[in-house]
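Shown next: model.cif, containing mmCIF, C-alpha atoms and all ligand atoms.
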data_query
loop_
_atom_site.label_atom_id
_atom_site.label_comp_id
_atom_site.auth_asym_id
_atom_site.auth_seq_id
_atom_site.Cartn_x
_atom_site.Cartn_y
_atom_site.Cartn_z
CA MET A 1421 24.30 26.62 40.79
CA ASN A 1422 21.91 28.89 42.70
CA ASP A 1423 23.88 31.55 44.59
CA ARG A 1424 21.28 32.19 47.32
CA LEU A 1425 22.06 30.57 50.65
CA ILE A 1426 18.91 30.09 52.73
CA ILE A 1427 19.41 30.94 56.39
CA PHE A 1428 17.25 28.73 58.61
CA ASP A 1429 17.42 30.00 62.17
CA THR A 1430 16.67 27.49 64.90
CA THR A 1431 17.48 29.65 67.95
CA LEU A 1432 13.89 29.27 69.15
CA ARG A 1433 13.95 25.47 68.80
CA ASP A 1434 17.42 23.88 68.93
CA GLY A 1435 18.76 27.03 70.66
CA GLU A 1436 16.12 26.64 73.32
CA GLN A 1437 17.49 23.15 73.98
CA SER A 1438 20.52 24.79 75.64
CA PRO A 1439 20.16 23.90 79.33
CA GLY A 1440 18.40 26.71 81.17
CA ALA A 1441 17.60 28.71 78.02
CA ALA A 1442 13.85 28.04 77.97
CA MET A 1443 11.94 31.13 76.83
CA THR A 1444 8.47 32.39 77.50
CA ARG A 1445 5.98 32.88 74.69
CA ASP A 1446 6.51 36.62 74.86
CA GLU A 1447 10.29 36.33 74.77
CA LYS A 1448 10.09 34.03 71.76
CA LEU A 1449 7.92 36.53 69.96
CA ARG A 1450 10.41 39.35 70.65
CA ILE A 1451 13.26 37.27 69.27
CA ALA A 1452 11.21 36.20 66.24
CA ARG A 1453 10.48 39.84 65.36
CA GLN A 1454 14.20 40.63 65.62
CA LEU A 1455 15.05 37.60 63.45
CA GLU A 1456 12.64 38.97 60.85
CA ARG A 1457 14.45 42.33 61.02
CA LEU A 1458 17.73 40.47 60.63
CA GLY A 1459 16.37 38.95 57.42
CA VAL A 1460 16.50 35.22 58.10
CA ASP A 1461 14.59 33.13 55.56
CA VAL A 1462 13.14 30.55 57.95
CA ILE A 1463 12.40 30.83 61.67
CA GLU A 1464 12.06 27.46 63.37
CA ALA A 1465 9.79 28.71 66.13
CA GLY A 1466 9.56 25.55 68.21
CA PHE A 1467 8.35 21.99 68.48
CA ALA A 1468 4.55 22.17 68.60
CA ALA A 1469 3.99 18.71 70.08
CA ALA A 1470 6.46 19.35 72.92
CA SER A 1471 4.06 21.45 75.01
CA PRO A 1472 0.88 23.51 74.65
CA GLY A 1473 3.00 26.61 75.44
CA ASP A 1474 5.36 25.89 72.56
CA ALA A 1475 2.42 25.32 70.18
CA GLU A 1476 0.92 28.67 71.24
CA ALA A 1477 4.25 30.46 70.78
CA ILE A 1478 4.53 29.03 67.25
CA ARG A 1479 0.97 30.15 66.51
CA ASP A 1480 1.68 33.69 67.82
CA ILE A 1481 4.88 33.92 65.80
CA SER A 1482 3.12 32.58 62.70
CA ALA A 1483 0.50 35.30 63.00
CA ALA A 1484 3.04 38.08 63.60
CA ILE A 1485 5.77 37.36 61.06
CA LYS A 1486 5.26 38.47 57.47
CA HIS A 1487 8.67 38.33 55.80
CA ALA A 1488 10.05 34.96 56.87
CA THR A 1489 8.78 31.39 56.72
CA VAL A 1490 7.73 30.11 60.14
CA CYS A 1491 8.42 26.46 60.84
CA SER A 1492 7.56 23.87 63.48
CA LEU A 1493 9.51 20.72 64.16
CA ALA A 1494 7.65 17.38 64.25
CA ARG A 1495 8.76 13.79 64.77
CA ALA A 1496 7.65 11.51 61.96
CA ASN A 1497 4.34 10.55 63.55
CA GLU A 1498 0.74 11.64 63.07
CA ARG A 1499 0.31 13.47 66.39
CA ASP A 1500 3.43 15.60 65.96
CA VAL A 1501 2.78 16.45 62.32
CA ARG A 1502 -0.81 17.46 63.02
CA ALA A 1503 0.27 19.61 65.99
CA ALA A 1504 2.88 21.32 63.80
CA GLY A 1505 0.35 21.80 60.98
CA GLU A 1506 -2.16 23.44 63.33
CA ALA A 1507 0.48 25.69 64.92
CA ILE A 1508 1.70 27.14 61.62
CA ARG A 1509 -1.81 27.66 60.22
CA PRO A 1510 -1.82 31.48 60.69
CA ALA A 1511 1.54 31.89 58.91
CA ALA A 1512 1.82 33.85 55.67
CA SER A 1513 4.42 31.22 54.78
CA GLY A 1514 4.58 28.09 56.95
CA ARG A 1515 6.77 25.00 56.93
CA ILE A 1516 6.62 21.63 58.67
CA HIS A 1517 10.00 20.12 59.49
CA THR A 1518 9.65 16.44 60.17
CA PHE A 1519 12.46 14.08 61.12
CA ILE A 1520 13.40 10.55 62.02
CA ALA A 1521 16.74 8.98 62.82
CA THR A 1522 18.46 6.94 60.10
CA SER A 1523 21.64 5.69 61.77
CA PRO A 1524 21.93 2.01 62.82
CA ILE A 1525 22.53 2.97 66.47
CA HIS A 1526 19.46 5.22 66.65
CA MET A 1527 17.17 2.88 64.68
CA GLU A 1528 18.15 -0.16 66.72
CA LYS A 1529 18.69 1.23 70.22
CA LYS A 1530 16.38 4.25 70.35
CA LEU A 1531 13.56 3.76 67.86
CA ARG A 1532 13.65 -0.07 67.88
CA MET A 1533 12.55 0.03 64.28
CA GLN A 1534 13.72 -1.78 61.16
CA PRO A 1535 15.11 0.38 58.33
CA ASP A 1536 12.03 -0.36 56.17
CA GLN A 1537 9.76 0.87 58.95
CA VAL A 1538 11.82 4.07 59.20
CA VAL A 1539 11.41 4.75 55.46
CA GLU A 1540 7.70 4.06 55.71
CA ALA A 1541 7.22 6.38 58.73
CA ALA A 1542 9.19 9.19 57.03
CA VAL A 1543 7.20 8.96 53.79
CA LYS A 1544 3.91 8.84 55.71
CA ALA A 1545 4.88 11.92 57.77
CA VAL A 1546 5.87 13.95 54.71
CA LYS A 1547 2.63 13.04 52.93
CA LEU A 1548 0.57 14.01 55.97
CA ALA A 1549 2.49 17.29 56.36
CA LEU A 1550 1.66 18.13 52.73
CA GLU A 1551 -2.02 18.25 53.75
CA TYR A 1552 -1.13 21.40 55.75
CA THR A 1553 1.52 23.08 53.59
CA ASP A 1554 3.44 22.41 50.42
CA ASN A 1555 6.60 23.55 52.21
CA VAL A 1556 7.82 20.38 53.90
CA GLU A 1557 11.33 19.68 55.13
CA PHE A 1558 12.68 16.30 56.13
CA SER A 1559 15.72 15.65 58.34
CA ALA A 1560 17.57 12.35 58.62
CA GLU A 1561 18.58 12.60 62.26
CA ASP A 1562 22.13 11.38 62.95
CA ALA A 1563 22.87 11.40 59.22
CA VAL A 1564 26.53 11.64 60.18
CA ARG A 1565 26.48 8.04 61.48
CA SER A 1566 24.03 6.72 58.88
CA GLU A 1567 25.05 4.44 56.03
CA ILE A 1568 25.28 6.39 52.79
CA ASP A 1569 23.31 3.80 50.76
CA PHE A 1570 20.46 3.89 53.25
CA LEU A 1571 20.50 7.70 53.34
CA CYS A 1572 20.25 7.79 49.54
CA ARG A 1573 17.30 5.41 49.68
CA VAL A 1574 15.49 7.48 52.33
CA PHE A 1575 16.08 10.79 50.56
CA GLU A 1576 14.99 9.40 47.18
CA ALA A 1577 11.72 8.20 48.71
CA LEU A 1578 11.13 11.60 50.31
CA ILE A 1579 11.70 13.54 47.11
CA ASP A 1580 9.11 11.27 45.52
CA ALA A 1581 6.80 11.88 48.49
CA GLY A 1582 7.01 15.66 47.94
CA ALA A 1583 9.54 17.04 50.45
CA LYS A 1584 11.03 20.34 49.26
CA THR A 1585 14.06 20.54 51.57
CA LEU A 1586 16.28 17.66 52.65
CA ASN A 1587 18.35 18.30 55.73
CA VAL A 1588 21.51 16.38 56.54
CA PRO A 1589 22.30 16.78 60.25
CA ASP A 1590 25.47 16.08 62.13
CA THR A 1591 23.38 15.55 65.22
CA VAL A 1592 26.27 14.62 67.48
CA GLY A 1593 28.97 16.96 66.13
CA TYR A 1594 31.17 14.06 65.01
CA SER A 1595 32.18 15.01 61.50
CA VAL A 1596 35.18 16.93 60.17
CA PRO A 1597 34.92 19.41 57.30
CA ALA A 1598 36.43 17.33 54.49
CA GLN A 1599 34.22 14.34 55.35
CA TRP A 1600 31.09 16.43 55.74
CA GLY A 1601 31.61 18.21 52.43
CA GLU A 1602 32.17 14.86 50.75
CA ARG A 1603 28.97 13.44 52.25
CA MET A 1604 26.95 16.33 50.84
CA ARG A 1605 28.63 15.99 47.45
CA GLN A 1606 27.88 12.25 47.28
CA LEU A 1607 24.27 12.65 48.30
CA ILE A 1608 23.60 15.29 45.65
CA GLU A 1609 25.38 13.19 43.05
CA ARG A 1610 23.73 9.88 43.88
CA VAL A 1611 20.13 10.69 44.81
CA PRO A 1612 17.87 10.77 41.72
CA ASN A 1613 16.12 14.13 41.22
CA ALA A 1614 18.47 15.79 43.71
CA ASP A 1615 18.04 19.04 41.78
CA LYS A 1616 14.32 19.13 42.69
CA VAL A 1617 15.05 19.94 46.35
CA VAL A 1618 17.12 22.29 48.47
CA TRP A 1619 19.89 20.47 50.32
CA SER A 1620 20.43 21.63 53.85
CA THR A 1621 22.91 21.05 56.64
CA HIS A 1622 22.52 21.20 60.42
CA CYS A 1623 25.72 20.80 62.43
CA HIS A 1624 26.39 20.53 66.15
CA ASN A 1625 29.52 21.85 67.76
CA ASP A 1626 30.73 19.01 69.98
CA LEU A 1627 34.23 19.13 68.47
CA GLY A 1628 34.10 22.87 67.75
CA MET A 1629 33.62 22.29 64.01
CA ALA A 1630 29.94 23.13 63.45
CA VAL A 1631 30.63 26.24 61.39
CA ALA A 1632 33.50 24.67 59.44
CA ASN A 1633 31.40 21.58 58.69
CA SER A 1634 28.41 23.67 57.59
CA LEU A 1635 30.61 25.71 55.27
CA ALA A 1636 32.15 22.56 53.81
CA ALA A 1637 28.61 21.39 52.99
CA VAL A 1638 27.91 24.76 51.34
CA MET A 1639 31.02 24.37 49.20
CA ASN A 1640 29.62 21.03 48.08
CA GLY A 1641 26.14 22.14 47.15
CA ALA A 1642 24.10 22.74 50.33
CA ARG A 1643 21.95 25.82 49.87
CA GLN A 1644 20.35 25.96 53.31
CA VAL A 1645 22.24 26.20 56.59
CA GLU A 1646 20.52 25.61 59.92
CA CYS A 1647 22.11 27.73 62.59
CA THR A 1648 21.48 29.74 65.75
CA ILE A 1649 22.31 33.16 67.14
CA ASN A 1650 25.45 33.02 69.29
CA GLY A 1651 25.74 29.31 68.43
CA LEU A 1652 23.19 28.32 71.07
CA GLY A 1653 21.83 24.79 70.98
CA GLU A 1654 21.78 21.31 72.42
CA ARG A 1655 25.02 20.47 74.33
CA ALA A 1656 27.90 22.46 72.76
CA GLY A 1657 25.43 24.21 70.47
CA ASN A 1658 24.80 24.61 66.77
CA ALA A 1659 26.66 26.41 64.00
CA SER A 1660 26.57 30.10 64.77
CA LEU A 1661 24.51 32.18 62.35
CA GLU A 1662 26.72 35.25 62.56
CA GLU A 1663 29.85 33.28 61.67
CA ILE A 1664 28.21 31.49 58.73
CA VAL A 1665 26.73 34.70 57.33
CA MET A 1666 29.91 36.75 57.65
CA ALA A 1667 32.07 33.93 56.28
CA VAL A 1668 30.07 33.65 53.06
CA LYS A 1669 29.82 37.44 52.78
CA THR A 1670 33.51 38.13 53.44
CA ARG A 1671 34.73 35.15 51.37
CA ARG A 1672 32.30 35.24 48.47
CA ASP A 1673 35.27 34.35 46.32
CA VAL A 1674 35.39 30.97 48.08
CA PHE A 1675 31.71 30.17 48.66
CA GLY A 1676 30.11 31.73 45.58
CA CYS A 1677 26.83 32.48 47.36
CA ASP A 1678 25.26 35.08 49.60
CA THR A 1679 22.36 35.52 52.00
CA ARG A 1680 19.66 38.16 52.35
CA ILE A 1681 20.70 38.92 55.95
CA ASP A 1682 20.97 42.58 56.99
CA ALA A 1683 24.31 42.18 58.75
CA THR A 1684 23.94 45.44 60.67
CA GLN A 1685 21.25 43.65 62.71
CA ILE A 1686 23.64 40.90 63.85
CA VAL A 1687 24.95 42.54 67.03
CA PRO A 1688 21.52 43.79 68.21
CA THR A 1689 20.12 40.27 67.66
CA SER A 1690 23.01 38.65 69.51
CA ARG A 1691 22.49 41.00 72.47
CA LEU A 1692 18.76 40.39 72.61
CA VAL A 1693 19.21 36.61 72.57
CA SER A 1694 21.93 36.78 75.21
CA GLN A 1695 19.85 39.01 77.44
CA ILE A 1696 16.71 36.84 77.15
CA THR A 1697 18.40 33.46 77.51
CA GLY A 1698 20.91 34.57 80.15
CA TYR A 1699 23.72 33.05 78.05
CA PRO A 1700 26.59 35.56 77.96
CA VAL A 1701 28.65 35.91 74.79
CA GLN A 1702 32.33 35.11 75.36
CA PRO A 1703 34.44 38.27 74.72
CA ASN A 1704 36.58 36.63 72.06
CA LYS A 1705 33.61 35.16 70.14
CA ALA A 1706 33.92 35.91 66.40
CA ILE A 1707 31.74 38.77 65.12
CA VAL A 1708 29.64 39.34 68.25
CA GLY A 1709 32.17 39.08 71.11
CA ALA A 1710 33.12 42.35 72.82
CA ASN A 1711 36.71 41.93 71.57
CA ALA A 1712 35.90 40.88 68.00
CA PHE A 1713 36.91 44.34 66.76
CA ALA A 1714 39.21 45.41 69.61
CA HIS A 1715 42.92 45.94 69.03
CA GLU A 1716 45.26 45.66 72.00
CA SER A 1717 48.83 45.62 70.74
CA GLY A 1718 50.58 48.90 69.91
CA ILE A 1719 51.70 47.56 66.55
CA HIS A 1720 48.15 46.63 65.57
CA GLN A 1721 46.71 49.89 66.90
CA ASP A 1722 49.22 51.92 64.94
CA GLY A 1723 48.40 49.91 61.79
CA VAL A 1724 44.64 50.32 62.20
CA LEU A 1725 44.98 54.05 62.81
CA LYS A 1726 47.02 54.40 59.63
CA HIS A 1727 44.86 52.08 57.51
CA ARG A 1728 42.03 50.03 59.03
CA GLU A 1729 42.41 47.07 56.69
CA THR A 1730 45.93 46.34 57.93
CA TYR A 1731 44.32 44.32 60.74
CA GLU A 1732 40.58 44.17 59.97
CA ILE A 1733 38.86 41.96 57.39
CA MET A 1734 35.36 43.26 58.25
CA ARG A 1735 34.09 46.61 59.45
CA ALA A 1736 32.65 46.67 62.98
CA GLU A 1737 29.86 48.97 61.76
CA ASP A 1738 28.82 46.44 59.10
CA VAL A 1739 27.77 43.89 61.73
CA GLY A 1740 26.10 46.38 64.03
CA TRP A 1741 28.84 47.66 66.35
CA SER A 1742 29.07 51.44 66.59
CA HIS A 1743 32.83 51.33 65.88
CA ASN A 1744 35.94 49.27 66.39
CA LYS A 1745 37.89 49.66 69.61
CA LEU A 1746 41.50 50.33 70.48
CA THR A 1747 41.82 49.05 74.03
CA LEU A 1748 44.42 50.89 76.07
CA GLY A 1749 46.75 48.74 78.12
CA LYS A 1750 50.43 48.14 78.62
CA LEU A 1751 50.92 47.05 74.99
CA SER A 1752 49.45 50.24 73.52
CA GLY A 1753 51.55 52.84 71.76
CA ARG A 1754 51.81 56.64 71.75
CA ASN A 1755 49.69 56.99 68.63
CA ALA A 1756 46.74 55.13 70.20
CA LEU A 1757 46.98 57.28 73.33
CA ARG A 1758 47.01 60.51 71.32
CA ASN A 1759 44.04 59.30 69.25
CA ARG A 1760 42.00 58.31 72.33
CA LEU A 1761 42.72 61.62 74.05
CA GLN A 1762 41.60 63.46 70.94
CA GLU A 1763 38.35 61.46 70.97
CA LEU A 1764 37.91 62.58 74.59
CA GLY A 1765 38.37 66.20 73.52
CA VAL A 1766 41.88 66.56 74.96
CA VAL A 1767 44.49 68.00 72.62
CA LEU A 1768 47.97 68.11 74.11
CA ASP A 1769 49.78 71.14 72.85
CA SER A 1770 53.27 69.68 72.53
CA GLU A 1771 55.15 66.47 71.89
CA GLU A 1772 56.65 66.82 75.40
CA ALA A 1773 53.19 66.93 76.96
CA LEU A 1774 52.28 63.77 75.04
CA ASN A 1775 55.53 62.10 76.09
CA ALA A 1776 54.93 62.95 79.74
CA ALA A 1777 51.35 61.69 79.60
CA PHE A 1778 52.54 58.55 77.79
CA ALA A 1779 55.17 57.83 80.46
CA ARG A 1780 52.55 58.13 83.23
CA PHE A 1781 50.13 56.05 81.18
CA LYS A 1782 52.70 53.22 80.85
CA GLU A 1783 53.39 53.36 84.58
CA LEU A 1784 49.70 53.04 85.32
CA ALA A 1785 49.17 50.33 82.67
CA ASP A 1786 51.80 48.19 84.37
CA LYS A 1787 49.72 48.23 87.54
CA LYS A 1788 46.24 48.12 86.05
CA ARG A 1789 44.96 45.70 83.37
CA ASP A 1790 42.60 48.13 81.64
CA VAL A 1791 43.13 51.86 81.53
CA PHE A 1792 39.76 53.58 81.31
CA ASP A 1793 38.86 56.99 79.89
CA GLU A 1794 38.54 58.35 83.44
CA ASP A 1795 42.12 57.26 84.15
CA LEU A 1796 43.33 59.06 81.04
CA LEU A 1797 41.55 62.24 81.98
CA ALA A 1798 43.11 62.09 85.43
CA LEU A 1799 46.54 61.55 83.86
CA VAL A 1800 46.28 64.63 81.70
CA ALA A 1801 44.76 66.67 84.51
CA VAL A 1802 47.98 65.98 86.40
CA ASP A 1803 49.89 67.17 83.36
CA ALA A 1804 47.91 70.42 83.40
CA SER A 1805 50.09 71.02 86.46
CA LEU A 1806 47.28 70.84 88.96
CA ASP A 1807 49.46 68.21 90.53
CA ALA A 1808 46.85 67.38 93.09
CA CYS A 1809 48.67 64.15 93.87
CA ASP A 1810 51.87 65.99 94.75
CA ARG A 1811 50.14 68.73 96.71
CA PHE A 1812 48.04 66.59 99.05
CA LYS A 1813 49.51 63.68 100.98
CA LEU A 1814 47.83 61.41 103.48
CA VAL A 1815 50.05 61.53 106.56
CA SER A 1816 47.98 59.29 108.84
CA LEU A 1817 44.53 57.92 109.42
CA ARG A 1818 43.14 56.39 112.60
CA VAL A 1819 39.63 54.95 112.67
CA CYS A 1820 37.92 53.56 115.81
CA SER A 1821 34.83 51.44 115.67
CA GLU A 1822 33.57 49.27 118.52
CA THR A 1823 30.28 47.93 119.82
CA GLY A 1824 28.21 50.61 121.51
CA GLU A 1825 30.48 53.47 120.39
CA THR A 1826 29.97 55.96 117.56
CA PRO A 1827 32.65 55.37 114.90
CA HIS A 1828 35.35 58.01 115.02
CA ALA A 1829 38.17 59.01 112.61
CA HIS A 1830 41.28 61.11 113.09
CA ILE A 1831 43.03 62.17 109.88
CA VAL A 1832 46.21 64.09 109.14
CA LEU A 1833 46.80 65.50 105.63
CA SER A 1834 49.69 67.47 104.30
CA ASP A 1835 48.78 70.37 102.00
CA GLY A 1836 52.05 71.33 100.30
CA GLY A 1837 53.94 70.59 103.55
CA ARG A 1838 51.40 72.28 105.87
CA GLU A 1839 49.69 69.72 108.13
CA ILE A 1840 45.94 69.74 108.49
CA ARG A 1841 44.29 67.63 111.23
CA ALA A 1842 40.64 66.71 111.59
CA ASP A 1843 38.48 64.59 113.93
CA GLU A 1844 35.01 63.46 113.01
CA PHE A 1845 32.26 61.02 114.01
CA GLY A 1846 30.16 59.17 111.47
CA GLY A 1847 27.49 56.53 110.83
CA GLY A 1848 30.29 54.01 110.16
CA PRO A 1849 34.10 54.05 109.97
CA VAL A 1850 34.17 55.01 106.27
CA ASP A 1851 31.60 57.72 106.83
CA ALA A 1852 33.61 59.11 109.73
CA ALA A 1853 36.83 59.14 107.68
O1 LIG A 1901 20.43 17.76 65.59
C1 LIG A 1901 19.47 17.28 64.95
O2 LIG A 1901 19.58 16.24 64.31
C2 LIG A 1901 18.22 18.01 64.96
C3 LIG A 1901 17.17 17.52 64.02
C4 LIG A 1901 15.85 17.51 64.64
C5 LIG A 1901 17.23 18.35 62.78
O3 LIG A 1901 18.09 18.98 65.67
ZN ZN A 1902 20.08 19.79 66.28
#

Mind converting the file's structure to C-alpha cells?
Amino acid sequence: MNDRLIIFDTTLRDGEQSPGAAMTRDEKLRIARQLERLGVDVIEAGFAAASPGDAEAIRDISAAIKHATVCSLARANERDVRAAGEAIRPAASGRIHTFIATSPIHMEKKLRMQPDQVVEAAVKAVKLALEYTDNVEFSAEDAVRSEIDFLCRVFEALIDAGAKTLNVPDTVGYSVPAQWGERMRQLIERVPNADKVVWSTHCHNDLGMAVANSLAAVMNGARQVECTINGLGERAGNASLEEIVMAVKTRRDVFGCDTRIDATQIVPTSRLVSQITGYPVQPNKAIVGANAFAHESGIHQDGVLKHRETYEIMRAEDVGWSHNKLTLGKLSGRNALRNRLQELGVVLDSEEALNAAFARFKELADKKRDVFDEDLLALVAVDASLDACDRFKLVSLRVCSETGETPHAHIVLSDGGREIRADEFGGGPVDAA
C-alpha cells in the first residue's frame, strides 16, 4: 500500500467554523502561506458559495500558493459547485470538494430527499465539478450514521462519475476508533474499484476521539486525513494536524506511512493560528502546548538531564520549539537547579553554596508556584553574602491620603540596626512611600 499520507488542512474552512474564529481575507492569506511552508498537501481555503468575501479569499489564496493544492468546499448543487470552480480558477493545482449527507436522519429531516435523489445530486455535482478541475473530492456527510450498504452504493457511483478522493466524515464525533477503522476497512473492501481513489477521513472531536479515530482509519487504508491546526473546528473541533502528523512520524512502525510536513514549522503555525483566531492553546495540549516539552518533577528532570530519551519520545526542536523546558518548582531537584543556574551564567563554586541555594529555593518554591529566573538570581545574590534582606528591615510605614491633602508617607528603616527615618510627599500614597 502507498506509504504517503496526504495532509488536507481545513483550518481555513472547518476551523473557521469555530465560534468567533472568522478570519479576514488578509488573515486567511497569511495562514495559507504558513500552511504552504508547513508542507500540507491540500489547503481547504473556504466555502466559496458562503459569501463573496470567502470566494475572494479562496481566489487570492489560489493565486498565491504554488506548492499545495487549493480547495473550495461546495454543497452538491450547481450554484455552489460553480462558485467553487470559479474561486479556484487561478490555482496552480485546484480541487473542488463537494458533499451531501447520506445518513437517514440527515436525508429525511434536513435535506428532505429520498436516497435515490441524494445519489443523483452527488453524481451530478461531481460531473459538473469535473468541468473545472479533474481533482474532485466527494464527502458523504454524516457517514458515521449512514447505512454501510447505502454508503457503498454512493461511493461506487462517484468513482464511476470521476471523483478522485472519497472522504468518510464522522461529522458529529460519534465513532470510536475500532468501529471507525472497521468502517474504512469495509468500504475499501466492498466498493468496486476502491483502488482507483484515495480514501480520506474527517473526524470531529465531540467525544475527544477525533485523532484516535482518524488514525484508526489510517491503519485501515485511509491515505488522506482532514485536520486542522490546534484542532480548531465546528463545536469541539476537528482532528488536530500536529497530533496526526507527529503520531505517524513517531510511530511509523505502527502506521507504515509518512507525510511531507516540515515538522519544525508546526509550532510557528500553531502560534500564528492562535494569534489570528484568538483561540489560545491549552498549556497541556500535545505537541504545541506550552508544557508539551516541560518537565516538572525532580525525578523526570534528573532523568532528562542525564539522558533526554528517558522521558521524551520527540525532540522539542523537531516540532519548532527552541528547546525543552525544566520548570522549577517545589518538585524540582538539585541537579535541575544547578543546570538552570549554569544556563543563567551562575557557577556556584562549592557543593555547600549549591546546598544553601537549594535550601532557599525550596523554601521559596513552597510559597510560590513558579520560580522564575529573576528569583533564582536573587537567591544566589543573597548567597554572595550581600545579604541585603538581612541588612535592611522595614520597621514601620505610615501613609496618609485624604481628599484635598497631598499624600504623605513616613517610613522607618533599619540599616544593620541603625534606624533611618524619612518623611516625603508624593503624587499618590505609593509615590510618597
Ligand atoms: O464534518 C463534515 O462532515 C464536514 C464535511 C463538509 C466534510 O465538514
Ligand atoms: Zn467537518

Q: Give the residue list for ligand LIG 1901 (chain A) at 9 Å, counting all atoms listed in the file, as an MDAnalysis selection string, sorted by chain and then by residue number.
A: chainID A and resid 1430 1433:1434 1493:1495 1517:1521 1558:1563 1587:1593 1621:1624 1646 1653:1654 1658

Keeping only C-alpha atoms, write those residues as a PDB file, in the frame of the given file.
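Output file result_1.pdb follows:
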ATOM      1  CA  THR A1430      16.670  27.490  64.900  1.00  0.00           C
ATOM      2  CA  ARG A1433      13.950  25.470  68.800  1.00  0.00           C
ATOM      3  CA  ASP A1434      17.420  23.880  68.930  1.00  0.00           C
ATOM      4  CA  LEU A1493       9.510  20.720  64.160  1.00  0.00           C
ATOM      5  CA  ALA A1494       7.650  17.380  64.250  1.00  0.00           C
ATOM      6  CA  ARG A1495       8.760  13.790  64.770  1.00  0.00           C
ATOM      7  CA  HIS A1517      10.000  20.120  59.490  1.00  0.00           C
ATOM      8  CA  THR A1518       9.650  16.440  60.170  1.00  0.00           C
ATOM      9  CA  PHE A1519      12.460  14.080  61.120  1.00  0.00           C
ATOM     10  CA  ILE A1520      13.400  10.550  62.020  1.00  0.00           C
ATOM     11  CA  ALA A1521      16.740   8.980  62.820  1.00  0.00           C
ATOM     12  CA  PHE A1558      12.680  16.300  56.130  1.00  0.00           C
ATOM     13  CA  SER A1559      15.720  15.650  58.340  1.00  0.00           C
ATOM     14  CA  ALA A1560      17.570  12.350  58.620  1.00  0.00           C
ATOM     15  CA  GLU A1561      18.580  12.600  62.260  1.00  0.00           C
ATOM     16  CA  ASP A1562      22.130  11.380  62.950  1.00  0.00           C
ATOM     17  CA  ALA A1563      22.870  11.400  59.220  1.00  0.00           C
ATOM     18  CA  ASN A1587      18.350  18.300  55.730  1.00  0.00           C
ATOM     19  CA  VAL A1588      21.510  16.380  56.540  1.00  0.00           C
ATOM     20  CA  PRO A1589      22.300  16.780  60.250  1.00  0.00           C
ATOM     21  CA  ASP A1590      25.470  16.080  62.130  1.00  0.00           C
ATOM     22  CA  THR A1591      23.380  15.550  65.220  1.00  0.00           C
ATOM     23  CA  VAL A1592      26.270  14.620  67.480  1.00  0.00           C
ATOM     24  CA  GLY A1593      28.970  16.960  66.130  1.00  0.00           C
ATOM     25  CA  THR A1621      22.910  21.050  56.640  1.00  0.00           C
ATOM     26  CA  HIS A1622      22.520  21.200  60.420  1.00  0.00           C
ATOM     27  CA  CYS A1623      25.720  20.800  62.430  1.00  0.00           C
ATOM     28  CA  HIS A1624      26.390  20.530  66.150  1.00  0.00           C
ATOM     29  CA  GLU A1646      20.520  25.610  59.920  1.00  0.00           C
ATOM     30  CA  GLY A1653      21.830  24.790  70.980  1.00  0.00           C
ATOM     31  CA  GLU A1654      21.780  21.310  72.420  1.00  0.00           C
ATOM     32  CA  ASN A1658      24.800  24.610  66.770  1.00  0.00           C
TER      33      ASN A1658
END

Q. With distances taken over only C-alpha atoms, which of A:Lys1705, A:Asp1738, A:Leu1425, A:Arg1450 is nearest to Ser1634 of chain A?
A.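 When distances to Ser1634 of chain A are compared using only C-alpha atoms, the smallest one comes from A:Leu1425.
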
Enclose segment 1756-1767 of chain A, meaning all of its atoms listed in the file, in a box aligned along x, y and z, pad it by 6 Å on each side, and list the centre and edge lengths in Å to one decimal, as AutoDock Vina command-line options.
--center_x 42.5 --center_y 61.6 --center_z 72.1 --size_x 21.1 --size_y 24.9 --size_z 17.7

**Q.** Exercise: segment 1435-1445 of chain A partners within 12 Å, only C-alpha atoms, chain neighbours under 4 positions left out, as a ChimeraX atom specification
**A.** /A:1429-1431,1449-1452,1463-1467,1470-1481,1624,1646-1661,1693-1700

Q) What gap, in Å, lies between atom CA of Met1639 of chain A and atom CA of Arg1605 of chain A? A) 8.9 Å

Q) Between atom CA of Arg1453 of chain A and atom CA of Ile1426 of chain A, what is the spacing in Å? A) 18.0 Å

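Taking atom CA of Lys1726 of chain A and atom CA of Asn1755 of chain A as endpoints, the distance between them is 9.7 Å.
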
Q: List the neighbours of Ala1683 of chain A out to 9 Å using all atoms listed in the file; skip same-chain residues closer than 5 positions along the sequence, and give me the result as a PyMOL selection string.
A: chain A and resi 1458-1459+1662+1665-1666+1738-1740

Q: Might you pull out every residue within 9 Å of Lys1813 of chain A, with only C-alpha atoms counted and same-chain residues fewer than 6 positions away left off, and present them as a PyMOL selection string?
A: chain A and resi 1832-1837

Could you list, as a CSV table (one decimal) with C-alpha atoms, in the coordinates of the input, every residue within 12 Å of Val1538 of chain A, counting all atoms listed in the file and ignoring same-chain residues fewer than 4 positions away?
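For reference, selection-v9.csv as written:
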chain,number,residue,atom,x,y,z
A,1495,ARG,CA,8.8,13.8,64.8
A,1496,ALA,CA,7.6,11.5,62.0
A,1497,ASN,CA,4.3,10.6,63.6
A,1519,PHE,CA,12.5,14.1,61.1
A,1520,ILE,CA,13.4,10.6,62.0
A,1521,ALA,CA,16.7,9.0,62.8
A,1522,THR,CA,18.5,6.9,60.1
A,1523,SER,CA,21.6,5.7,61.8
A,1524,PRO,CA,21.9,2.0,62.8
A,1526,HIS,CA,19.5,5.2,66.6
A,1527,MET,CA,17.2,2.9,64.7
A,1528,GLU,CA,18.2,-0.2,66.7
A,1531,LEU,CA,13.6,3.8,67.9
A,1532,ARG,CA,13.6,-0.1,67.9
A,1533,MET,CA,12.6,0.0,64.3
A,1534,GLN,CA,13.7,-1.8,61.2
A,1542,ALA,CA,9.2,9.2,57.0
A,1543,VAL,CA,7.2,9.0,53.8
A,1544,LYS,CA,3.9,8.8,55.7
A,1545,ALA,CA,4.9,11.9,57.8
A,1560,ALA,CA,17.6,12.4,58.6
A,1561,GLU,CA,18.6,12.6,62.3
A,1570,PHE,CA,20.5,3.9,53.2
A,1571,LEU,CA,20.5,7.7,53.3
A,1573,ARG,CA,17.3,5.4,49.7
A,1574,VAL,CA,15.5,7.5,52.3
A,1575,PHE,CA,16.1,10.8,50.6
A,1577,ALA,CA,11.7,8.2,48.7
A,1578,LEU,CA,11.1,11.6,50.3

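With only C-alpha atoms as the atoms that count, the residue of A:Ile1568, A:Val1850, A:His1715, A:Glu1737 with the shortest distance to Asp1682 of chain A is A:Glu1737.
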